[in-house]
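Just below is one structure, and these are the notes that go with it.
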Amino acid sequence: MRDRHAPAHPAGSRRWSRWLLAIPLGIIVAITVIDIQTPESIHLGPFLIAAPAITASFAGPMATGVIGALAVAAQVAIAHLHGGLMTANHQAQVGTLLLVSALVTAFRFAADRHQRKLTQVRSVAVAAQEVLLRPLPDRLGPLRIASAYLAADEEAQIGGDLYAAVATHEAARVVIGDVRGKGLSAVGDAAAVIGALRGSAYRNLSLPAVAAHLGNAMRWKWDHSGEEGQDPDESFVTALVLDFYDDRPVAAMVNCGHPPPLLLRNGEIRTLGVVEPAPPLGLTTTSADDYEAETFAFAEGDLLVLCTDGLLEARDATGAFYPLVDRVAAWTDDDPWSLTRYLQDDLLRHTGRRVNDDAAIVVIARCPDAPDG
């Protein structure tokens with residue numbers, strides 16, 4: 001995907017277009033020379049329309065207009081040498097070439113104008129989406145964090161999957177989730193979960209209390225949204241909410257109906273299930289007592305892989321699911337960024353670069369200088 005700050009027509013593309021101008025110019029010269037040297041009964045001039053038509057496919061309206069004018073001038077020269085410009089046949093050829101060149105130039109101008117507006121709209125959309133789903137910090141408290149997001153919509157940067165991280169008074173708090181549904185409503189719901197998490201950071205809530213806060217915030221949103229086609233009773237968010245403590249190599253987790261994370265330690269992989277799984281966020285109004293935080297050791301050298309079901313349910317051409325556990329189990333490095341890039345690239349290879357559902361990946365490691373107990 002092109003950087004939203006990059007110009008609409010990169011310098012390299014402009015240089016390539018200048019080289020391509022040799023094609024229509026060559027067509028004009030070739031047709032003119034051949035037509036002049038053939039009998040007057042053979043008319044090759046009408047083929048000159050190919051020059052501005054080809055130019056419009058890769059160059060702007062100015063270059064297209066110039067090539068069109070040169071083609072008309074060549075047609076006038078041919079007419080002058082083959083019976084005179086005042087013959088009906090030559091007047092028709094010149095007039096037709098002039099009209100078609102003007103139309104091609106006008107259409108190219110309109111297409112360029114539309115493309116500029118579309119580029120501007122896309123830039124604004126990308127900026128808005130980046131505000132909603134900010135990249136996770138490379139380092140937060142005792143953590144090193146890497147993340148990747150693959151949106152199913154080619155024109156979007158985010159969808160209904162989400163991740164966020166905030167610092168609390170004793171831990172780094174991370175959430176990853178998946179909103180039910182697609183489209184703009186799912187993007188809005190994902191943004192609401194992230195906003196609720198960030199807004200709760202200063203309150204120093206316990207992990208169960210945070211899960212209740214996120215769920216209740218979403219329930220309130222759906223009950224009062226009034227959006228057509230969105231049934232509050234059918235809306236929910238699956239999520240993992242985790243705390244990574246600053247002063248000890250331990251993490252705590254509440255799983256609200258989300259795929260469990262994978263813990264990679266010393267070349268071995270373990271799926272971190274929970275004894276008391278909680279229902280997805282927003283199904284009902286809840287309290288902290290409805291959630292149970294479960295702890296696990298998380299020390300230097302460990303990697304924790306969080307993802308959404310867009311990764312787990314991605315299929316290849318034969319219909320086989322993406323083998324995440326096998327891919328992570330084969331990993332031997334402890335760098336979260338290289339593992340994230342590997343999983344992202346490997347997923348695209350697995351699916352033939354066609355992603356049918358949003359997929360989020362977060363890989364977390366403990367900093368080497370973090371307290372180890």
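Ordering of the structure tokens sets the chain letters (A, B, ...); residue numbers start at 1 within each chain; ligands are numbered from 1 in the order shown.
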
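Within 8 Å of segment 193-197 of chain A, once only C-alpha atoms are used and residues closer than 3 positions along the same chain are dropped, the contacting residues are Leu132, Leu133, Leu162, Tyr163, Ala164, Val166, Asp189, Ala190, Ser200, Ala201, Val210, His213, Leu214, Ala217 and Met218 of chain A.
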
**Prompt:** Skipping near chain neighbours, those fewer than 2 positions away, what residues fall within 8 Å of Leu136 of chain A using only C-alpha atoms, listed as a ChimeraX atom specification?
**Reply:** /A:134,138,145-147,163-165

Write a file of the selected residues as a CSV table (one decimal), in the first residue's frame, keeping N, CA and C atoms.
```
chain,number,residue,atom,x,y,z
A,134,ARG,N,-4.3,3.4,16.8
A,134,ARG,CA,-2.9,3.8,16.8
A,134,ARG,C,-2.0,2.6,16.8
A,138,ASP,N,6.4,0.5,20.7
A,138,ASP,CA,7.4,-0.6,20.6
A,138,ASP,C,7.8,-1.1,22.0
A,145,ILE,N,6.7,-4.7,22.3
A,145,ILE,CA,5.5,-5.1,21.7
A,145,ILE,C,5.6,-4.9,20.2
A,146,ALA,N,5.1,-5.8,19.4
A,146,ALA,CA,5.0,-5.7,17.9
A,146,ALA,C,3.6,-6.1,17.5
A,147,SER,N,3.1,-5.4,16.5
A,147,SER,CA,1.7,-5.6,16.1
A,147,SER,C,1.6,-5.5,14.5
A,163,TYR,N,-6.8,-3.6,18.8
A,163,TYR,CA,-5.8,-3.8,19.9
A,163,TYR,C,-5.4,-2.4,20.4
A,164,ALA,N,-5.0,-2.4,21.7
A,164,ALA,CA,-4.6,-1.2,22.4
A,164,ALA,C,-3.8,-1.6,23.6
A,165,ALA,N,-3.0,-0.6,24.0
A,165,ALA,CA,-2.1,-0.8,25.2
A,165,ALA,C,-2.0,0.5,26.0
```

**Request:** Using only C-alpha atoms, pick whichever of A:Gly60, A:Gly310, A:Pro24, A:Gly352 has the shortest atom-to-atom distance to Val179 of chain A.
**Result:**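 Closest to Val179 of chain A of all the choices is A:Gly310.
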
Once you count only C-alpha atoms, what closest atom pair and distance in Å to one decimal does each residue of segment 212-296 of chain A within 8 Å of segment 169-173 of chain A have, with rows by chain and rising residue number, as a Markdown table?
```
| residue | atom | partner | partner_atom | distance |
| --- | --- | --- | --- | --- |
| A:Val241 | CA | A:Arg173 | CA | 7.3 |
| A:Leu242 | CA | A:Arg173 | CA | 5.6 |
| A:Asp243 | CA | A:Arg173 | CA | 4.5 |
| A:Phe244 | CA | A:Ala172 | CA | 5.1 |
| A:Tyr245 | CA | A:Ala171 | CA | 4.1 |
| A:Asp246 | CA | A:Ala171 | CA | 5.1 |
| A:Asp247 | CA | A:Glu170 | CA | 7.6 |
```

**Selection: 6 Å around Leu264 of chain A, only C-alpha atoms, excl. self and same-chain fewer than 3 positions, as an MDAnalysis selection string** = chainID A and resid 268:269 302:303

Limited to N, CA, C and O atoms, could you put the picked residues into a file as a PDB file, in the first residue's frame?
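Result saved to out_24.pdb:
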```pdb
ATOM      1  N   GLU A 268       9.185 -24.461  23.117  1.00  0.00           N
ATOM      2  CA  GLU A 268       7.925 -25.177  23.301  1.00  0.00           C
ATOM      3  C   GLU A 268       6.769 -24.176  23.312  1.00  0.00           C
ATOM      4  O   GLU A 268       6.921 -23.044  23.775  1.00  0.00           O
ATOM      5  N   ILE A 269       5.623 -24.618  22.813  1.00  0.00           N
ATOM      6  CA  ILE A 269       4.476 -23.731  22.716  1.00  0.00           C
ATOM      7  C   ILE A 269       3.331 -24.286  23.553  1.00  0.00           C
ATOM      8  O   ILE A 269       3.113 -25.503  23.619  1.00  0.00           O
ATOM      9  N   ASP A 302      10.432 -15.307  26.941  1.00  0.00           N
ATOM     10  CA  ASP A 302       9.114 -15.797  26.532  1.00  0.00           C
ATOM     11  C   ASP A 302       8.530 -14.884  25.450  1.00  0.00           C
ATOM     12  O   ASP A 302       8.799 -13.678  25.414  1.00  0.00           O
ATOM     13  N   LEU A 303       7.730 -15.472  24.589  1.00  0.00           N
ATOM     14  CA  LEU A 303       6.959 -14.717  23.612  1.00  0.00           C
ATOM     15  C   LEU A 303       5.495 -15.079  23.764  1.00  0.00           C
ATOM     16  O   LEU A 303       5.145 -16.260  23.887  1.00  0.00           O
TER      17      LEU A 303
END
```

**Message:** Taking the DSSP secondary structure from the backbone, can you list the residues of segment 215-255 of chain A that are helix (DSSP H, G or I), as a list of chain:residue names?
**Reply:**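 Restricting segment 215-255 of chain A to helix (DSSP H, G or I) produces A:Gly215, A:Asn216, A:Ala217, A:Met218, A:Arg219, A:Trp220, A:Lys221, A:Trp222, A:Asp223, A:His224, A:Ser225, A:Pro232, A:Asp233, A:Glu234.
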
Export of the given selection (N, CA and C atoms) as a compact mmCIF listing (two decimals), in the first residue's frame:
```txt
# COMPACT_ATOMS: atom_id res chain seq x y z
N GLY A 215 -17.18 -3.92 28.78
CA GLY A 215 -18.44 -4.53 28.37
C GLY A 215 -19.63 -3.62 28.58
N ASN A 216 -19.66 -2.95 29.71
CA ASN A 216 -20.78 -2.04 30.01
C ASN A 216 -20.77 -0.82 29.10
N ALA A 217 -19.56 -0.33 28.77
CA ALA A 217 -19.47 0.80 27.84
C ALA A 217 -20.05 0.43 26.48
N MET A 218 -19.75 -0.79 26.01
CA MET A 218 -20.29 -1.22 24.73
C MET A 218 -21.78 -1.47 24.80
N ARG A 219 -22.23 -2.04 25.90
CA ARG A 219 -23.67 -2.28 26.03
C ARG A 219 -24.43 -0.97 26.02
N TRP A 220 -23.91 0.01 26.72
CA TRP A 220 -24.57 1.33 26.74
C TRP A 220 -24.58 1.93 25.33
N LYS A 221 -23.47 1.79 24.63
CA LYS A 221 -23.39 2.34 23.27
C LYS A 221 -24.45 1.72 22.37
N TRP A 222 -24.56 0.39 22.40
CA TRP A 222 -25.51 -0.28 21.52
C TRP A 222 -26.96 0.02 21.92
N ASP A 223 -27.22 0.11 23.21
CA ASP A 223 -28.59 0.39 23.66
C ASP A 223 -29.04 1.79 23.27
N HIS A 224 -28.09 2.72 23.10
CA HIS A 224 -28.44 4.11 22.83
C HIS A 224 -28.01 4.60 21.45
N SER A 225 -27.50 3.68 20.61
CA SER A 225 -26.98 4.14 19.32
C SER A 225 -28.10 4.49 18.35
N PRO A 232 -28.91 -4.57 19.37
CA PRO A 232 -28.05 -4.60 20.56
C PRO A 232 -27.91 -5.99 21.16
N ASP A 233 -28.96 -6.82 21.02
CA ASP A 233 -28.91 -8.16 21.60
C ASP A 233 -28.05 -9.12 20.79
N GLU A 234 -27.68 -8.72 19.57
CA GLU A 234 -26.83 -9.56 18.73
C GLU A 234 -25.42 -8.99 18.59
```

Residues within 12 Å of segment 106-108 of chain A, only C-alpha atoms, excluding chain neighbours under 3 positions, as an mmCIF file with N, CA and C atoms, in the first residue's frame:
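Writing done, so here's around-v1.cif:
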```cif
data_model
loop_
_atom_site.group_PDB
_atom_site.id
_atom_site.type_symbol
_atom_site.label_atom_id
_atom_site.label_comp_id
_atom_site.auth_asym_id
_atom_site.auth_seq_id
_atom_site.Cartn_x
_atom_site.Cartn_y
_atom_site.Cartn_z
ATOM 1 N N PRO A 52 -2.733 9.971 -29.560
ATOM 2 C CA PRO A 52 -3.302 10.554 -28.336
ATOM 3 C C PRO A 52 -4.033 9.525 -27.469
ATOM 4 N N ALA A 53 -4.632 8.508 -28.104
ATOM 5 C CA ALA A 53 -5.330 7.492 -27.313
ATOM 6 C C ALA A 53 -4.365 6.729 -26.418
ATOM 7 N N ILE A 54 -3.214 6.347 -26.976
ATOM 8 C CA ILE A 54 -2.207 5.640 -26.172
ATOM 9 C C ILE A 54 -1.640 6.558 -25.095
ATOM 10 N N THR A 55 -1.393 7.813 -25.442
ATOM 11 C CA THR A 55 -0.818 8.756 -24.473
ATOM 12 C C THR A 55 -1.722 8.921 -23.265
ATOM 13 N N ALA A 56 -3.043 8.961 -23.494
ATOM 14 C CA ALA A 56 -3.988 9.158 -22.391
ATOM 15 C C ALA A 56 -3.949 8.014 -21.387
ATOM 16 N N SER A 57 -3.417 6.852 -21.800
ATOM 17 C CA SER A 57 -3.385 5.710 -20.888
ATOM 18 C C SER A 57 -2.305 5.808 -19.832
ATOM 19 N N PHE A 58 -1.289 6.689 -20.051
ATOM 20 C CA PHE A 58 -0.200 6.762 -19.070
ATOM 21 C C PHE A 58 0.236 8.177 -18.726
ATOM 22 N N ALA A 59 -0.194 9.174 -19.496
ATOM 23 C CA ALA A 59 0.241 10.551 -19.249
ATOM 24 C C ALA A 59 -0.957 11.429 -18.910
ATOM 25 N N GLY A 60 -0.664 12.654 -18.481
ATOM 26 C CA GLY A 60 -1.702 13.576 -18.087
ATOM 27 C C GLY A 60 -2.349 14.282 -19.260
ATOM 28 N N PRO A 61 -3.306 15.184 -18.972
ATOM 29 C CA PRO A 61 -4.030 15.863 -20.049
ATOM 30 C C PRO A 61 -3.142 16.777 -20.892
ATOM 31 N N MET A 62 -2.124 17.391 -20.295
ATOM 32 C CA MET A 62 -1.267 18.282 -21.068
ATOM 33 C C MET A 62 -0.489 17.503 -22.126
ATOM 34 N N ALA A 63 0.143 16.405 -21.716
ATOM 35 C CA ALA A 63 0.887 15.584 -22.678
ATOM 36 C C ALA A 63 -0.053 15.003 -23.728
ATOM 37 N N THR A 64 -1.256 14.596 -23.298
ATOM 38 C CA THR A 64 -2.224 14.046 -24.247
ATOM 39 C C THR A 64 -2.630 15.103 -25.273
ATOM 40 N N GLY A 65 -2.850 16.335 -24.793
ATOM 41 C CA GLY A 65 -3.220 17.414 -25.702
ATOM 42 C C GLY A 65 -2.112 17.736 -26.689
ATOM 43 N N GLY A 68 -1.954 15.030 -29.221
ATOM 44 C CA GLY A 68 -3.088 15.191 -30.118
ATOM 45 C C GLY A 68 -2.869 16.294 -31.133
ATOM 46 N N LEU A 99 -11.435 16.351 -33.316
ATOM 47 C CA LEU A 99 -12.517 16.137 -32.359
ATOM 48 C C LEU A 99 -12.173 15.021 -31.375
ATOM 49 N N VAL A 100 -11.678 13.894 -31.896
ATOM 50 C CA VAL A 100 -11.359 12.769 -31.022
ATOM 51 C C VAL A 100 -10.208 13.117 -30.078
ATOM 52 N N SER A 101 -9.197 13.835 -30.569
ATOM 53 C CA SER A 101 -8.075 14.242 -29.708
ATOM 54 C C SER A 101 -8.557 15.145 -28.584
ATOM 55 N N ALA A 102 -9.478 16.072 -28.917
ATOM 56 C CA ALA A 102 -10.014 16.965 -27.891
ATOM 57 C C ALA A 102 -10.808 16.179 -26.848
ATOM 58 N N LEU A 103 -11.596 15.189 -27.301
ATOM 59 C CA LEU A 103 -12.381 14.383 -26.356
ATOM 60 C C LEU A 103 -11.487 13.544 -25.462
ATOM 61 N N ALA A 111 -10.519 12.494 -15.644
ATOM 62 C CA ALA A 111 -10.048 11.343 -14.868
ATOM 63 C C ALA A 111 -8.983 11.758 -13.854
ATOM 64 N N ASP A 112 -8.076 12.658 -14.254
ATOM 65 C CA ASP A 112 -7.042 13.135 -13.329
ATOM 66 C C ASP A 112 -7.656 13.904 -12.172
ATOM 67 N N ARG A 113 -8.649 14.718 -12.480
ATOM 68 C CA ARG A 113 -9.307 15.495 -11.427
ATOM 69 C C ARG A 113 -10.010 14.571 -10.435
ATOM 70 N N HIS A 114 -10.688 13.549 -10.965
ATOM 71 C CA HIS A 114 -11.355 12.584 -10.094
ATOM 72 C C HIS A 114 -10.344 11.828 -9.243
ATOM 73 N N GLN A 115 -9.202 11.463 -9.839
ATOM 74 C CA GLN A 115 -8.178 10.734 -9.101
ATOM 75 C C GLN A 115 -7.589 11.577 -7.977
#
```

**Request:** Give me, please, the distance in Å between atom CA of Leu281 of chain A and atom CA of Gly188 of chain A, quoted to one decimal.
**Result:**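 Between atom CA of Leu281 of chain A and atom CA of Gly188 of chain A the gap works out to 15.2 Å.
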